[in-house]
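Listing of work.cif, mmCIF, N, CA and C atoms
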data_my_file
loop_
_atom_site.label_atom_id
_atom_site.label_comp_id
_atom_site.auth_asym_id
_atom_site.auth_seq_id
_atom_site.Cartn_x
_atom_site.Cartn_y
_atom_site.Cartn_z
N MET H 8 175.19 187.89 207.73
CA MET H 8 176.55 188.36 207.60
C MET H 8 177.43 187.21 207.12
N ASP H 9 178.44 187.55 206.37
CA ASP H 9 179.47 186.60 205.98
C ASP H 9 180.65 186.84 206.90
N VAL H 10 181.17 185.76 207.49
CA VAL H 10 182.30 185.87 208.41
C VAL H 10 183.41 184.95 207.92
N PHE H 11 184.61 185.50 207.87
CA PHE H 11 185.78 184.74 207.42
C PHE H 11 186.86 184.84 208.50
N LEU H 12 187.56 183.75 208.72
CA LEU H 12 188.67 183.71 209.68
C LEU H 12 189.94 183.31 208.96
N ALA H 13 191.04 183.88 209.37
CA ALA H 13 192.36 183.52 208.85
C ALA H 13 193.37 183.68 209.97
N PRO H 14 194.42 182.87 209.97
CA PRO H 14 195.46 183.05 210.98
C PRO H 14 196.06 184.46 210.86
N SER H 15 196.28 185.09 211.98
CA SER H 15 196.81 186.45 211.99
C SER H 15 198.33 186.43 211.90
N PRO H 16 198.93 187.29 211.09
CA PRO H 16 200.40 187.36 211.02
C PRO H 16 201.02 188.05 212.24
N VAL H 17 200.19 188.67 213.07
CA VAL H 17 200.66 189.31 214.29
C VAL H 17 200.21 188.47 215.48
N ALA H 18 200.64 188.82 216.67
CA ALA H 18 200.40 188.00 217.86
C ALA H 18 199.04 188.23 218.51
N PHE H 19 198.14 188.95 217.85
CA PHE H 19 196.82 189.23 218.42
C PHE H 19 195.78 189.17 217.32
N SER H 20 194.52 189.06 217.74
CA SER H 20 193.41 189.00 216.77
C SER H 20 193.04 190.40 216.31
N ARG H 21 192.57 190.46 215.06
CA ARG H 21 192.14 191.74 214.49
C ARG H 21 190.76 191.56 213.87
N LEU H 22 190.03 192.65 213.72
CA LEU H 22 188.68 192.64 213.18
C LEU H 22 188.61 193.58 211.98
N GLY H 23 188.10 193.07 210.87
CA GLY H 23 187.87 193.89 209.69
C GLY H 23 186.39 193.88 209.37
N ILE H 24 185.85 195.02 208.98
CA ILE H 24 184.42 195.15 208.73
C ILE H 24 184.20 195.75 207.36
N VAL H 25 183.32 195.11 206.58
CA VAL H 25 182.93 195.62 205.27
C VAL H 25 181.41 195.78 205.29
N VAL H 26 180.95 197.00 205.06
CA VAL H 26 179.51 197.27 205.03
C VAL H 26 179.19 197.91 203.68
N PRO H 27 178.73 197.11 202.71
CA PRO H 27 178.37 197.66 201.41
C PRO H 27 177.14 198.57 201.50
N LYS H 28 176.96 199.39 200.50
CA LYS H 28 175.87 200.36 200.52
C LYS H 28 174.49 199.70 200.50
N HIS H 29 174.27 198.74 199.65
CA HIS H 29 172.97 198.08 199.52
C HIS H 29 171.84 199.10 199.43
N GLY H 30 172.10 200.22 198.76
CA GLY H 30 171.08 201.25 198.57
C GLY H 30 170.79 202.07 199.81
N ARG H 31 171.65 202.03 200.80
CA ARG H 31 171.43 202.76 202.06
C ARG H 31 172.33 203.98 202.11
N GLY H 32 171.99 204.90 202.99
CA GLY H 32 172.76 206.12 203.15
C GLY H 32 173.94 205.92 204.09
N SER H 33 174.78 206.93 204.17
CA SER H 33 175.98 206.84 204.99
C SER H 33 175.66 206.72 206.48
N VAL H 34 174.59 207.34 206.93
CA VAL H 34 174.23 207.27 208.35
C VAL H 34 173.89 205.83 208.72
N GLU H 35 173.08 205.17 207.92
CA GLU H 35 172.70 203.78 208.20
C GLU H 35 173.91 202.85 208.14
N ARG H 36 174.78 203.08 207.16
CA ARG H 36 175.99 202.26 207.05
C ARG H 36 176.88 202.44 208.27
N ASN H 37 177.05 203.67 208.72
CA ASN H 37 177.91 203.93 209.87
C ASN H 37 177.33 203.36 211.16
N VAL H 38 176.02 203.40 211.32
CA VAL H 38 175.38 202.80 212.51
C VAL H 38 175.64 201.30 212.52
N LEU H 39 175.44 200.65 211.38
CA LEU H 39 175.67 199.20 211.29
C LEU H 39 177.14 198.88 211.55
N LYS H 40 178.03 199.67 210.99
CA LYS H 40 179.46 199.46 211.19
C LYS H 40 179.84 199.61 212.66
N ARG H 41 179.29 200.62 213.32
CA ARG H 41 179.58 200.82 214.75
C ARG H 41 179.04 199.68 215.59
N ARG H 42 177.87 199.14 215.24
CA ARG H 42 177.30 198.01 215.97
C ARG H 42 178.19 196.77 215.83
N ILE H 43 178.61 196.48 214.62
CA ILE H 43 179.46 195.31 214.40
C ILE H 43 180.80 195.48 215.11
N ARG H 44 181.37 196.68 215.05
CA ARG H 44 182.64 196.94 215.73
C ARG H 44 182.51 196.72 217.23
N GLU H 45 181.40 197.18 217.82
CA GLU H 45 181.19 197.02 219.26
C GLU H 45 181.01 195.55 219.64
N ILE H 46 180.30 194.80 218.83
CA ILE H 46 180.14 193.36 219.08
C ILE H 46 181.50 192.67 219.02
N GLY H 47 182.31 193.04 218.06
CA GLY H 47 183.65 192.48 217.96
C GLY H 47 184.50 192.83 219.16
N ARG H 48 184.42 194.07 219.60
CA ARG H 48 185.22 194.52 220.74
C ARG H 48 184.79 193.86 222.04
N ARG H 49 183.49 193.70 222.24
CA ARG H 49 182.97 193.13 223.48
C ARG H 49 182.98 191.61 223.53
N SER H 50 182.71 190.97 222.40
CA SER H 50 182.48 189.52 222.42
C SER H 50 183.52 188.72 221.65
N VAL H 51 183.70 189.05 220.39
CA VAL H 51 184.48 188.20 219.50
C VAL H 51 185.96 188.21 219.85
N LEU H 52 186.57 189.38 219.89
CA LEU H 52 188.01 189.45 220.16
C LEU H 52 188.38 188.92 221.55
N PRO H 53 187.61 189.23 222.61
CA PRO H 53 187.94 188.64 223.91
C PRO H 53 187.81 187.11 223.92
N GLU H 54 186.83 186.57 223.20
CA GLU H 54 186.68 185.11 223.14
C GLU H 54 187.86 184.47 222.43
N LEU H 55 188.33 185.07 221.37
CA LEU H 55 189.50 184.54 220.68
C LEU H 55 190.73 184.61 221.58
N ALA H 56 190.88 185.69 222.31
CA ALA H 56 192.01 185.83 223.23
C ALA H 56 191.93 184.79 224.34
N ARG H 57 190.72 184.54 224.85
CA ARG H 57 190.54 183.55 225.89
C ARG H 57 190.95 182.16 225.42
N ARG H 58 190.68 181.88 224.16
CA ARG H 58 191.06 180.58 223.58
C ARG H 58 192.53 180.52 223.18
N GLY H 59 193.22 181.64 223.23
CA GLY H 59 194.62 181.67 222.84
C GLY H 59 194.83 181.67 221.34
N LEU H 60 193.83 182.15 220.60
CA LEU H 60 193.91 182.18 219.13
C LEU H 60 194.23 183.58 218.65
N ALA H 61 195.12 183.68 217.69
CA ALA H 61 195.41 184.95 217.02
C ALA H 61 194.86 184.83 215.60
N MET H 62 193.65 185.35 215.41
CA MET H 62 192.96 185.22 214.14
C MET H 62 192.57 186.59 213.60
N ASP H 63 192.54 186.70 212.29
CA ASP H 63 191.97 187.87 211.64
C ASP H 63 190.53 187.52 211.30
N VAL H 64 189.59 188.34 211.74
CA VAL H 64 188.17 188.11 211.52
C VAL H 64 187.68 189.18 210.54
N LEU H 65 187.11 188.75 209.44
CA LEU H 65 186.53 189.67 208.47
C LEU H 65 185.03 189.46 208.45
N VAL H 66 184.29 190.54 208.67
CA VAL H 66 182.83 190.49 208.67
C VAL H 66 182.33 191.33 207.51
N ARG H 67 181.51 190.71 206.65
CA ARG H 67 180.89 191.43 205.54
C ARG H 67 179.39 191.41 205.77
N ALA H 68 178.82 192.58 205.95
CA ALA H 68 177.38 192.69 206.22
C ALA H 68 176.60 192.50 204.93
N ARG H 69 175.51 191.77 205.04
CA ARG H 69 174.58 191.63 203.92
C ARG H 69 173.46 192.65 204.08
N GLY H 70 172.63 192.76 203.08
CA GLY H 70 171.55 193.74 203.10
C GLY H 70 170.58 193.56 204.26
N GLU H 71 170.36 192.30 204.68
CA GLU H 71 169.42 192.02 205.77
C GLU H 71 169.93 192.56 207.11
N ALA H 72 171.22 192.77 207.23
CA ALA H 72 171.81 193.23 208.49
C ALA H 72 171.32 194.63 208.85
N TYR H 73 170.93 195.42 207.86
CA TYR H 73 170.46 196.78 208.15
C TYR H 73 169.18 196.76 208.99
N GLY H 74 168.36 195.74 208.83
CA GLY H 74 167.10 195.67 209.57
C GLY H 74 167.21 194.94 210.89
N ALA H 75 168.36 194.35 211.19
CA ALA H 75 168.52 193.57 212.42
C ALA H 75 168.85 194.47 213.60
N ASP H 76 168.38 194.08 214.78
CA ASP H 76 168.73 194.83 215.98
C ASP H 76 170.07 194.34 216.52
N PHE H 77 170.56 195.02 217.57
CA PHE H 77 171.88 194.73 218.12
C PHE H 77 171.98 193.28 218.60
N GLN H 78 170.94 192.79 219.29
CA GLN H 78 170.97 191.43 219.83
C GLN H 78 171.04 190.39 218.72
N ALA H 79 170.28 190.59 217.64
CA ALA H 79 170.30 189.64 216.53
C ALA H 79 171.67 189.63 215.85
N LEU H 80 172.25 190.81 215.64
CA LEU H 80 173.59 190.89 215.04
C LEU H 80 174.61 190.20 215.93
N SER H 81 174.52 190.45 217.24
CA SER H 81 175.46 189.87 218.18
C SER H 81 175.38 188.35 218.18
N GLY H 82 174.17 187.81 218.24
CA GLY H 82 174.00 186.37 218.24
C GLY H 82 174.52 185.73 216.97
N GLU H 83 174.21 186.33 215.82
CA GLU H 83 174.65 185.77 214.55
C GLU H 83 176.17 185.79 214.43
N LEU H 84 176.79 186.89 214.81
CA LEU H 84 178.24 187.01 214.69
C LEU H 84 178.95 186.04 215.64
N ARG H 85 178.49 185.95 216.88
CA ARG H 85 179.12 185.04 217.83
C ARG H 85 178.96 183.59 217.40
N GLU H 86 177.79 183.21 216.88
CA GLU H 86 177.58 181.84 216.40
C GLU H 86 178.49 181.52 215.22
N ALA H 87 178.64 182.46 214.30
CA ALA H 87 179.48 182.24 213.13
C ALA H 87 180.94 182.06 213.53
N VAL H 88 181.42 182.90 214.42
CA VAL H 88 182.82 182.80 214.87
C VAL H 88 183.03 181.50 215.64
N GLU H 89 182.06 181.14 216.49
CA GLU H 89 182.16 179.89 217.25
C GLU H 89 182.26 178.68 216.31
N ALA H 90 181.41 178.67 215.29
CA ALA H 90 181.43 177.56 214.33
C ALA H 90 182.76 177.52 213.56
N LEU H 91 183.25 178.68 213.13
CA LEU H 91 184.50 178.70 212.39
C LEU H 91 185.68 178.33 213.27
N CYS H 92 185.65 178.72 214.54
CA CYS H 92 186.74 178.38 215.46
C CYS H 92 186.77 176.88 215.71
N SER H 93 185.61 176.26 215.84
CA SER H 93 185.57 174.83 216.09
C SER H 93 186.00 174.05 214.84
N ASP H 94 185.72 174.58 213.67
CA ASP H 94 186.18 173.94 212.43
C ASP H 94 187.68 174.08 212.27
N ALA H 95 188.24 175.23 212.71
CA ALA H 95 189.66 175.50 212.53
C ALA H 95 190.52 174.67 213.48
N SER H 96 189.96 174.27 214.64
CA SER H 96 190.78 173.52 215.60
C SER H 96 190.70 172.04 215.43
#

Using structure tokens, write down the structure that the file contains.
Amino acid sequence: MDVFLAPSPVAFSRLGIVVPKHGRGSVERNVLKRRIREIGRRSVLPELARRGLAMDVLVRARGEAYGADFQALSGELREAVEALCSDAS
């Protein structure tokens, strides 16, 4: 996944998700989108709030993300956000 962070113009963090087709059907895209949204809701946004950061997080799924399970997606997304947050501070 590609993850981008930017300062949020509002007082809270937001999550944006882009899931390109990569030759997949709408059901597969929606499942991947729901998984990423849930990871953001459970892990990423609360961690940003805990740190006192108001950031916009944009996640763009790559083709390999379709084959990944929930745990792999969660680990990759949390690591990417952690690395970007440490670079930003």

Quick one: residues within 7 Å of Leu22 (chain H), only C-alpha atoms counted, chain neighbours fewer than 5 positions away excluded, as a list in words?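 Returned residues: Gly47, Asp63, Val64 and Leu65 of chain H.
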
Could you give me the residues within chain H that DSSP places in helix (DSSP H, G or I), as a ChimeraX atom specification? /H:33-58,70-74,77-95

### Message
Starting from the PyMOL selection byres ((chain H and resi 14) around 6), expand the selection into actual residues of this file and give them as a list in words.
### Response
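Going through the file, the PyMOL selection byres ((chain H and resi 14) around 6) ends up selecting Leu12, Ala13, Ser15, Pro16, Ala61, Met62 and Asp63 of chain H.
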
*9 Å contact set for Cys92 (chain H), only C-alpha atoms, chain neighbours under 5 positions out, as a count of residues only*: 4

Practice task
Go through H:Met8, H:Val17, H:Leu52, H:Val34 and flag the residue nearest Glu71 (chain H), using all atoms listed in the file for the distances.
Solution key: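 Closest candidate: H:Met8.
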